[in-house]
file upload-v5.txt (compact mmCIF, N, CA and C atoms and all ligand atoms)
# COMPACT_ATOMS: atom_id res chain seq x y z
N MET A 1 160.69 115.22 26.22
CA MET A 1 159.68 114.23 25.82
C MET A 1 158.68 114.88 24.88
N GLU A 2 158.50 114.29 23.75
CA GLU A 2 157.64 114.92 22.76
C GLU A 2 156.20 114.41 22.84
N ASP A 3 156.03 113.23 23.36
CA ASP A 3 154.71 112.61 23.29
C ASP A 3 154.06 112.59 24.67
N ASN A 4 153.14 113.50 24.88
CA ASN A 4 152.43 113.53 26.15
C ASN A 4 150.98 113.06 26.00
N SER A 5 150.69 112.47 24.86
CA SER A 5 149.31 112.15 24.56
C SER A 5 148.91 110.77 25.07
N LYS A 6 149.88 110.02 25.55
CA LYS A 6 149.56 108.67 25.98
C LYS A 6 148.82 108.69 27.31
N GLY A 7 148.45 107.54 27.80
CA GLY A 7 147.69 107.41 29.04
C GLY A 7 148.27 108.27 30.14
N GLU A 8 147.42 108.90 30.85
CA GLU A 8 147.81 109.95 31.76
C GLU A 8 148.85 109.49 32.79
N TYR A 9 148.65 108.29 33.31
CA TYR A 9 149.53 107.84 34.38
C TYR A 9 150.48 106.73 33.93
N GLU A 10 150.63 106.62 32.63
CA GLU A 10 151.52 105.59 32.12
C GLU A 10 152.96 106.05 32.25
N ILE A 11 153.79 105.19 32.77
CA ILE A 11 155.18 105.55 32.94
C ILE A 11 155.97 105.18 31.69
N ASP A 12 156.76 106.11 31.24
CA ASP A 12 157.49 105.93 30.00
C ASP A 12 158.89 105.42 30.27
N HIS A 13 159.17 104.24 29.80
CA HIS A 13 160.48 103.65 30.04
C HIS A 13 161.34 103.59 28.79
N LYS A 14 160.97 104.33 27.76
CA LYS A 14 161.69 104.16 26.51
C LYS A 14 163.11 104.70 26.57
N ASN A 15 163.41 105.50 27.59
CA ASN A 15 164.78 105.98 27.75
C ASN A 15 165.74 104.83 28.04
N HIS A 16 165.24 103.72 28.50
CA HIS A 16 166.10 102.59 28.83
C HIS A 16 166.15 101.58 27.69
N GLY A 17 165.55 101.92 26.58
CA GLY A 17 165.59 101.04 25.44
C GLY A 17 164.71 99.83 25.56
N SER A 18 163.82 99.79 26.53
CA SER A 18 162.90 98.66 26.59
C SER A 18 161.64 99.03 25.83
N SER A 19 161.48 98.42 24.68
CA SER A 19 160.36 98.78 23.84
C SER A 19 159.14 97.93 24.14
N HIS A 20 159.28 97.00 25.05
CA HIS A 20 158.13 96.15 25.40
C HIS A 20 158.09 96.01 26.92
N HIS A 21 156.99 95.50 27.39
CA HIS A 21 156.83 95.39 28.84
C HIS A 21 156.77 93.95 29.31
N ASN A 22 157.26 93.06 28.50
CA ASN A 22 157.26 91.67 28.89
C ASN A 22 158.59 91.33 29.56
N HIS A 23 158.56 91.20 30.86
CA HIS A 23 159.79 90.92 31.60
C HIS A 23 159.80 89.52 32.17
N GLY A 24 158.92 88.68 31.67
CA GLY A 24 158.95 87.28 32.09
C GLY A 24 158.27 87.07 33.41
N THR A 25 158.64 85.98 34.06
CA THR A 25 157.88 85.51 35.21
C THR A 25 158.05 86.37 36.45
N HIS A 26 159.11 87.16 36.51
CA HIS A 26 159.31 87.95 37.72
C HIS A 26 158.48 89.23 37.72
N HIS A 27 157.78 89.45 36.64
CA HIS A 27 156.95 90.66 36.59
C HIS A 27 155.78 90.55 37.56
N VAL A 28 155.56 91.60 38.33
CA VAL A 28 154.50 91.61 39.32
C VAL A 28 153.40 92.56 38.85
N ASP A 29 152.21 92.04 38.83
CA ASP A 29 151.07 92.91 38.52
C ASP A 29 150.63 93.61 39.80
N ARG A 30 150.85 94.89 39.83
CA ARG A 30 150.60 95.65 41.06
C ARG A 30 149.28 96.39 41.03
N THR A 31 148.47 96.16 40.02
CA THR A 31 147.28 96.98 39.88
C THR A 31 146.27 96.78 41.01
N ASN A 32 146.25 95.57 41.59
CA ASN A 32 145.27 95.33 42.65
C ASN A 32 145.89 95.24 44.04
N MET A 33 147.13 95.67 44.13
CA MET A 33 147.81 95.60 45.42
C MET A 33 147.40 96.75 46.32
N LYS A 34 147.33 96.44 47.60
CA LYS A 34 147.15 97.55 48.53
C LYS A 34 148.50 98.22 48.72
N ASN A 35 148.45 99.47 49.07
CA ASN A 35 149.69 100.21 49.19
C ASN A 35 150.27 100.09 50.60
N GLU A 36 151.51 99.64 50.66
CA GLU A 36 152.17 99.49 51.96
C GLU A 36 153.42 100.35 52.06
N VAL A 37 153.55 101.27 51.12
CA VAL A 37 154.74 102.12 51.11
C VAL A 37 154.30 103.59 51.14
N ASN A 38 154.86 104.31 52.07
CA ASN A 38 154.59 105.75 52.15
C ASN A 38 155.67 106.51 51.41
N VAL A 39 155.24 107.43 50.57
CA VAL A 39 156.17 108.22 49.78
C VAL A 39 156.03 109.69 50.14
N LEU A 40 157.13 110.30 50.52
CA LEU A 40 157.13 111.73 50.80
C LEU A 40 158.07 112.42 49.82
N VAL A 41 157.59 113.50 49.23
CA VAL A 41 158.39 114.25 48.28
C VAL A 41 158.57 115.66 48.81
N HIS A 42 159.81 116.11 48.76
CA HIS A 42 160.13 117.42 49.30
C HIS A 42 161.10 118.11 48.35
N TYR A 43 160.86 119.39 48.09
CA TYR A 43 161.74 120.13 47.17
C TYR A 43 162.26 121.38 47.85
N GLU A 44 163.55 121.52 47.81
CA GLU A 44 164.16 122.71 48.40
C GLU A 44 165.53 122.94 47.78
N GLY A 45 165.79 124.15 47.36
CA GLY A 45 167.11 124.51 46.84
C GLY A 45 167.56 123.64 45.68
N ASN A 46 166.71 123.47 44.67
CA ASN A 46 167.03 122.67 43.48
C ASN A 46 167.30 121.21 43.79
N LEU A 47 166.85 120.76 44.92
CA LEU A 47 167.05 119.36 45.27
C LEU A 47 165.71 118.73 45.65
N LEU A 48 165.42 117.67 44.93
CA LEU A 48 164.20 116.92 45.19
C LEU A 48 164.58 115.72 46.08
N THR A 49 163.90 115.61 47.19
CA THR A 49 164.17 114.52 48.11
C THR A 49 162.93 113.63 48.21
N ILE A 50 163.14 112.34 48.00
CA ILE A 50 162.04 111.39 48.11
C ILE A 50 162.36 110.43 49.24
N ASN A 51 161.37 110.26 50.09
CA ASN A 51 161.53 109.43 51.27
C ASN A 51 160.56 108.26 51.19
N LEU A 52 161.08 107.05 51.21
CA LEU A 52 160.23 105.86 51.16
C LEU A 52 160.26 105.15 52.51
N LYS A 53 159.07 104.84 53.02
CA LYS A 53 159.00 104.13 54.29
C LYS A 53 157.91 103.07 54.21
N ASP A 54 158.17 101.94 54.85
CA ASP A 54 157.10 100.96 54.95
C ASP A 54 156.21 101.30 56.15
N GLN A 55 155.24 100.45 56.42
CA GLN A 55 154.27 100.75 57.47
C GLN A 55 154.90 100.85 58.86
N ASN A 56 156.09 100.29 59.00
CA ASN A 56 156.78 100.33 60.29
C ASN A 56 157.84 101.43 60.35
N GLY A 57 157.88 102.25 59.32
CA GLY A 57 158.84 103.35 59.30
C GLY A 57 160.23 102.95 58.84
N ASN A 58 160.33 101.74 58.28
CA ASN A 58 161.63 101.29 57.77
C ASN A 58 161.72 101.52 56.27
N ALA A 59 162.95 101.58 55.81
CA ALA A 59 163.17 101.76 54.38
C ALA A 59 162.85 100.46 53.65
N PRO A 60 161.97 100.49 52.65
CA PRO A 60 161.68 99.27 51.90
C PRO A 60 162.85 98.87 51.02
N GLU A 61 163.02 97.57 50.88
CA GLU A 61 164.04 97.08 49.96
C GLU A 61 163.46 97.14 48.55
N LEU A 62 164.22 97.69 47.62
CA LEU A 62 163.72 97.86 46.26
C LEU A 62 164.35 96.85 45.31
N GLU A 63 163.56 96.44 44.34
CA GLU A 63 164.06 95.57 43.29
C GLU A 63 164.33 96.39 42.04
N VAL A 64 165.33 95.96 41.31
CA VAL A 64 165.67 96.65 40.07
C VAL A 64 164.59 96.38 39.04
N SER A 65 164.11 97.44 38.40
CA SER A 65 163.13 97.33 37.34
C SER A 65 163.55 98.23 36.20
N HIS A 66 163.52 97.73 35.00
CA HIS A 66 164.01 98.51 33.86
C HIS A 66 165.42 99.03 34.14
N GLU A 67 166.24 98.18 34.69
CA GLU A 67 167.66 98.43 34.93
C GLU A 67 167.94 99.44 36.03
N LYS A 68 166.91 99.93 36.68
CA LYS A 68 167.13 100.93 37.72
C LYS A 68 166.28 100.60 38.94
N LEU A 69 166.77 101.05 40.10
CA LEU A 69 166.02 100.87 41.35
C LEU A 69 164.87 101.83 41.45
N PHE A 70 165.07 103.00 40.90
CA PHE A 70 164.14 104.09 41.17
C PHE A 70 163.97 104.93 39.91
N HIS A 71 162.75 104.99 39.43
CA HIS A 71 162.44 105.87 38.31
C HIS A 71 161.51 106.97 38.82
N LEU A 72 161.84 108.17 38.51
CA LEU A 72 161.01 109.28 38.93
C LEU A 72 160.58 110.06 37.70
N ILE A 73 159.28 110.24 37.59
CA ILE A 73 158.75 111.03 36.49
C ILE A 73 158.08 112.26 37.09
N ILE A 74 158.45 113.40 36.58
CA ILE A 74 157.85 114.64 37.07
C ILE A 74 157.31 115.42 35.88
N VAL A 75 156.07 115.87 36.01
CA VAL A 75 155.37 116.53 34.91
C VAL A 75 154.79 117.84 35.42
N SER A 76 155.02 118.91 34.67
CA SER A 76 154.45 120.20 35.05
C SER A 76 152.95 120.21 34.74
N SER A 77 152.24 121.17 35.31
CA SER A 77 150.78 121.18 35.15
C SER A 77 150.35 121.37 33.70
N ASP A 78 151.17 122.07 32.90
CA ASP A 78 150.82 122.27 31.49
C ASP A 78 151.44 121.20 30.58
N LEU A 79 152.08 120.19 31.21
CA LEU A 79 152.71 119.07 30.50
C LEU A 79 153.91 119.47 29.65
N GLN A 80 154.34 120.73 29.76
CA GLN A 80 155.47 121.18 28.94
C GLN A 80 156.80 120.67 29.48
N GLN A 81 156.86 120.50 30.79
CA GLN A 81 158.07 119.92 31.37
C GLN A 81 157.77 118.49 31.79
N TYR A 82 158.55 117.59 31.24
CA TYR A 82 158.37 116.16 31.51
C TYR A 82 159.76 115.57 31.68
N ASP A 83 160.08 115.15 32.88
CA ASP A 83 161.40 114.59 33.13
C ASP A 83 161.29 113.18 33.68
N HIS A 84 162.14 112.33 33.15
CA HIS A 84 162.25 110.95 33.64
C HIS A 84 163.65 110.82 34.24
N LEU A 85 163.71 110.67 35.54
CA LEU A 85 164.97 110.78 36.26
C LEU A 85 165.21 109.55 37.12
N HIS A 86 166.47 109.40 37.56
CA HIS A 86 166.84 108.28 38.42
C HIS A 86 167.57 108.83 39.64
N PRO A 87 166.80 109.15 40.68
CA PRO A 87 167.38 109.76 41.87
C PRO A 87 168.45 108.87 42.51
N VAL A 88 169.36 109.51 43.18
CA VAL A 88 170.50 108.82 43.79
C VAL A 88 170.07 108.24 45.15
N ASP A 89 170.42 106.99 45.35
CA ASP A 89 170.11 106.30 46.60
C ASP A 89 171.04 106.78 47.70
N LYS A 90 170.46 107.45 48.70
CA LYS A 90 171.25 107.96 49.81
C LYS A 90 171.18 107.05 51.02
N GLY A 91 170.51 105.94 50.86
CA GLY A 91 170.38 104.99 51.97
C GLY A 91 169.20 105.30 52.86
N ASN A 92 168.75 104.28 53.56
CA ASN A 92 167.64 104.44 54.50
C ASN A 92 166.36 104.97 53.86
N GLY A 93 166.13 104.62 52.62
CA GLY A 93 164.89 105.01 51.95
C GLY A 93 164.87 106.43 51.42
N VAL A 94 166.02 107.09 51.46
CA VAL A 94 166.10 108.48 50.99
C VAL A 94 166.78 108.52 49.62
N PHE A 95 166.12 109.20 48.69
CA PHE A 95 166.65 109.37 47.35
C PHE A 95 166.66 110.85 47.01
N LYS A 96 167.73 111.27 46.32
CA LYS A 96 167.84 112.69 46.00
C LYS A 96 168.10 112.89 44.51
N GLN A 97 167.49 113.96 44.01
CA GLN A 97 167.61 114.29 42.60
C GLN A 97 167.74 115.80 42.45
N GLU A 98 168.82 116.23 41.81
CA GLU A 98 168.96 117.65 41.51
C GLU A 98 168.07 118.00 40.33
N ILE A 99 167.28 119.02 40.50
CA ILE A 99 166.41 119.45 39.40
C ILE A 99 165.97 120.89 39.67
N SER A 100 165.88 121.66 38.60
CA SER A 100 165.44 123.04 38.73
C SER A 100 163.96 123.12 38.36
N LEU A 101 163.15 123.51 39.30
CA LEU A 101 161.71 123.60 39.06
C LEU A 101 161.25 125.04 39.26
N LYS A 102 160.32 125.45 38.39
CA LYS A 102 159.77 126.78 38.57
C LYS A 102 158.46 126.67 39.36
N GLU A 103 157.89 127.80 39.67
CA GLU A 103 156.63 127.80 40.42
C GLU A 103 155.55 127.11 39.60
N ASP A 104 155.02 126.08 40.15
CA ASP A 104 154.00 125.31 39.43
C ASP A 104 153.47 124.23 40.36
N LEU A 105 152.44 123.56 39.89
CA LEU A 105 151.96 122.37 40.56
C LEU A 105 152.38 121.18 39.70
N TYR A 106 153.35 120.43 40.20
CA TYR A 106 153.85 119.28 39.46
C TYR A 106 153.18 118.00 39.93
N LYS A 107 153.16 117.03 39.04
CA LYS A 107 152.79 115.67 39.41
C LYS A 107 154.05 114.83 39.41
N VAL A 108 154.26 114.12 40.50
CA VAL A 108 155.45 113.29 40.64
C VAL A 108 155.01 111.82 40.69
N PHE A 109 155.66 111.01 39.86
CA PHE A 109 155.38 109.58 39.84
C PHE A 109 156.63 108.84 40.32
N VAL A 110 156.49 108.11 41.38
CA VAL A 110 157.60 107.36 41.94
C VAL A 110 157.44 105.91 41.53
N ASP A 111 158.25 105.49 40.57
CA ASP A 111 158.14 104.14 40.02
C ASP A 111 159.22 103.27 40.64
N VAL A 112 158.84 102.54 41.67
CA VAL A 112 159.76 101.63 42.34
C VAL A 112 159.06 100.28 42.53
N SER A 113 159.85 99.27 42.81
CA SER A 113 159.31 97.93 43.06
C SER A 113 159.75 97.43 44.42
N PRO A 114 159.04 97.82 45.47
CA PRO A 114 159.43 97.37 46.80
C PRO A 114 159.25 95.86 46.94
N LYS A 115 160.28 95.24 47.48
CA LYS A 115 160.28 93.79 47.65
C LYS A 115 159.29 93.39 48.74
N ASN A 116 158.41 92.45 48.42
CA ASN A 116 157.46 91.89 49.39
C ASN A 116 156.50 92.91 49.98
N LEU A 117 156.34 94.04 49.31
CA LEU A 117 155.40 95.05 49.79
C LEU A 117 154.49 95.47 48.66
N GLY A 118 153.24 95.72 49.00
CA GLY A 118 152.32 96.25 48.00
C GLY A 118 152.65 97.71 47.72
N TYR A 119 152.63 98.04 46.45
CA TYR A 119 152.88 99.44 46.10
C TYR A 119 152.20 99.75 44.78
N GLN A 120 151.48 100.84 44.76
CA GLN A 120 150.87 101.33 43.52
C GLN A 120 151.38 102.72 43.24
N ILE A 121 151.72 102.95 41.99
CA ILE A 121 152.18 104.28 41.61
C ILE A 121 150.97 105.21 41.55
N LYS A 122 151.05 106.27 42.33
CA LYS A 122 150.01 107.28 42.30
C LYS A 122 150.67 108.63 42.06
N PRO A 123 150.01 109.51 41.34
CA PRO A 123 150.60 110.84 41.17
C PRO A 123 150.61 111.58 42.50
N ILE A 124 151.75 112.17 42.81
CA ILE A 124 151.89 112.95 44.03
C ILE A 124 151.96 114.41 43.65
N ASP A 125 151.13 115.21 44.26
CA ASP A 125 151.15 116.65 43.99
C ASP A 125 152.37 117.29 44.63
N LEU A 126 153.06 118.09 43.86
CA LEU A 126 154.19 118.84 44.40
C LEU A 126 154.01 120.31 44.03
N HIS A 127 153.72 121.10 45.03
CA HIS A 127 153.54 122.54 44.80
C HIS A 127 154.88 123.23 44.95
N ILE A 128 155.28 123.95 43.91
CA ILE A 128 156.50 124.74 43.97
C ILE A 128 156.10 126.22 44.02
N GLY A 129 156.67 126.90 44.97
CA GLY A 129 156.38 128.32 45.08
C GLY A 129 155.62 128.64 46.36
N HIS A 130 155.50 129.92 46.64
CA HIS A 130 154.80 130.42 47.81
C HIS A 130 155.38 129.88 49.11
N GLY A 131 156.62 129.41 49.04
CA GLY A 131 157.32 128.97 50.25
C GLY A 131 156.68 127.80 50.96
N HIS A 132 155.89 127.04 50.24
CA HIS A 132 155.21 125.94 50.91
C HIS A 132 155.28 124.71 50.01
N TYR A 133 156.02 123.74 50.44
CA TYR A 133 156.21 122.54 49.63
C TYR A 133 155.74 121.32 50.41
N HIS A 134 155.02 120.51 49.77
CA HIS A 134 154.70 119.22 50.41
C HIS A 134 154.35 118.18 49.34
N GLY A 135 154.39 116.93 49.73
CA GLY A 135 154.07 115.89 48.77
C GLY A 135 153.16 114.86 49.38
CU CU B 1 163.73 105.29 34.50

call {"tool": "encode", "arguments": {"input": "upload-v5.txt", "output": "structure tokens"}}
result
Amino acid sequence: MEDNSKGEYEIDHKNHGSSHHNHGTHHVDRTNMKNEVNVLVHYEGNLLTINLKDQNGNAPELEVSHEKLFHLIIVSSDLQQYDHLHPVDKGNGVFKQEISLKEDLYKVFVDVSPKNLGYQIKPIDLHIGHGHYHG
């Protein structure tokens, strides 16, 4: 990704060829929604695992957005590494993505559209290194 100058938390979907954000009537404005989805990010052995749970501990049903169920954006602290990925659905709210990360503090953006649940994309801190990972 060459352009890191745009809005800090803006998710870039240009990899999917959507040059505009007008998706018609099914588009949901999530800016004022309360968050009802818990996101856990865990990294171990070149594998990033993302766990989605609703308030009852169940896996939320996701809607396809920009042709994918799950968009994951991960950015290194110096913005030099910027990846837009589509983790594999392992069922039960678990998604996995192979990725090689060096020691750093990354920001992870989980861009999903949980059906009938409030969800706001927030940057999740992911510390790599020192044997201690959490999200
Ligand atoms: Cu994507």

call {"tool": "residues_around", "arguments": {"input": "upload-v5.txt", "residues": "A:Tyr82", "least_positions_apart": "5", "cutoff": "8 Å", "atoms": "only C-alpha atoms", "output": "JSON, numbers by chain"}}
result
{"A": [1, 73, 74, 75, 76]}

call {"tool": "residues_near_ligand", "arguments": {"input": "upload-v5.txt", "ligand": "ligand CU 1 (chain B)", "cutoff": "6 Å", "atoms": "all atoms listed in the file", "output": "NGL selection string"}}
result
:A and (13 or 70-72 or 84-86)

call {"tool": "write_last_selection", "arguments": {"input": "upload-v5.txt", "atoms": "N, CA and C atoms", "output": "mmCIF file, in the frame of the given file"}}
result
data_model
loop_
_atom_site.group_PDB
_atom_site.id
_atom_site.type_symbol
_atom_site.label_atom_id
_atom_site.label_comp_id
_atom_site.auth_asym_id
_atom_site.auth_seq_id
_atom_site.Cartn_x
_atom_site.Cartn_y
_atom_site.Cartn_z
ATOM 1 N N HIS A 13 159.170 104.240 29.800
ATOM 2 C CA HIS A 13 160.480 103.650 30.040
ATOM 3 C C HIS A 13 161.340 103.590 28.790
ATOM 4 N N PHE A 70 165.070 103.000 40.900
ATOM 5 C CA PHE A 70 164.140 104.090 41.170
ATOM 6 C C PHE A 70 163.970 104.930 39.910
ATOM 7 N N HIS A 71 162.750 104.990 39.430
ATOM 8 C CA HIS A 71 162.440 105.870 38.310
ATOM 9 C C HIS A 71 161.510 106.970 38.820
ATOM 10 N N LEU A 72 161.840 108.170 38.510
ATOM 11 C CA LEU A 72 161.010 109.280 38.930
ATOM 12 C C LEU A 72 160.580 110.060 37.700
ATOM 13 N N HIS A 84 162.140 112.330 33.150
ATOM 14 C CA HIS A 84 162.250 110.950 33.640
ATOM 15 C C HIS A 84 163.650 110.820 34.240
ATOM 16 N N LEU A 85 163.710 110.670 35.540
ATOM 17 C CA LEU A 85 164.970 110.780 36.260
ATOM 18 C C LEU A 85 165.210 109.550 37.120
ATOM 19 N N HIS A 86 166.470 109.400 37.560
ATOM 20 C CA HIS A 86 166.840 108.280 38.420
ATOM 21 C C HIS A 86 167.570 108.830 39.640
#

call {"tool": "closest_atom_pairs", "arguments": {"input": "upload-v5.txt", "of": "stretch 28-101 of chain A", "to": "stretch 112-127 of chain A", "cutoff": "8 Å", "atoms": "only N, CA and C atoms", "output": "CSV"}}
result
residue,atom,partner,partner_atom,distance
A:Arg30,C,A:Gln120,CA,5.8
A:Thr31,N,A:Gln120,CA,6.7
A:Asn32,C,A:Gly118,CA,7.6
A:Met33,C,A:Gly118,CA,5.2
A:Lys34,C,A:Gly118,C,4.3
A:Asn35,CA,A:Gly118,C,4.1
A:Glu36,N,A:Gly118,C,3.7
A:Val37,N,A:Gly118,C,5.0
A:Asn38,N,A:Tyr119,CA,8.0
A:Val41,C,A:Leu126,CA,7.0
A:His42,N,A:Leu126,CA,7.6
A:Tyr43,N,A:Leu126,CA,7.6
A:Pro60,C,A:Pro114,CA,5.6
A:Glu61,C,A:Lys115,N,3.9
A:Leu62,CA,A:Pro114,CA,4.4
A:Glu63,N,A:Ser113,C,3.9
A:Val64,N,A:Ser113,C,6.6
A:Ser65,N,A:Ser113,N,6.4
A:Lys68,C,A:Val112,CA,7.4
A:Leu69,C,A:Val112,CA,5.2
A:Phe70,CA,A:Val112,CA,5.2
A:His71,N,A:Val112,N,5.1
A:Leu72,N,A:Val112,N,7.1

call {"tool": "atom_distance", "arguments": {"input": "upload-v5.txt", "atom1": "atom N of A:Leu52", "atom2": "atom N of A:Asp89"}}
result
11.0 Å

call {"tool": "select_by_dssp", "arguments": {"input": "upload-v5.txt", "residues": "stretch 27-75 of chain A", "states": "strand (DSSP E)", "output": "PyMOL selection string"}}
result
chain A and resi 37-44+47-54+62-63+70-75

call {"tool": "closest_residue", "arguments": {"input": "upload-v5.txt", "among": "A:Gln80, A:Gly129, A:Val110, A:Lys53", "to": "A:Val94", "atoms": "only N, CA and C atoms"}}
result
A:Lys53

call {"tool": "atom_distance", "arguments": {"input": "upload-v5.txt", "atom1": "atom CA of A:Val88", "atom2": "atom CA of A:Leu48"}}
result
10.4 Å

call {"tool": "closest_residue", "arguments": {"input": "upload-v5.txt", "among": "A:Asp111, A:Glu44, A:Asp54, A:Glu103", "to": "A:Ser77", "atoms": "only C-alpha atoms"}}
result
A:Glu103

call {"tool": "atom_distance", "arguments": {"input": "upload-v5.txt", "atom1": "atom N of A:Lys102", "atom2": "atom CA of A:Val39"}}
result
21.1 Å

call {"tool": "residues_around", "arguments": {"input": "upload-v5.txt", "residues": "stretch 95-98 of chain A", "least_positions_apart": "2", "cutoff": "6 Å", "atoms": "all atoms listed in the file", "output": "VMD selection string"}}
result
chain A and resid 46 to 51 87 to 91 93 100
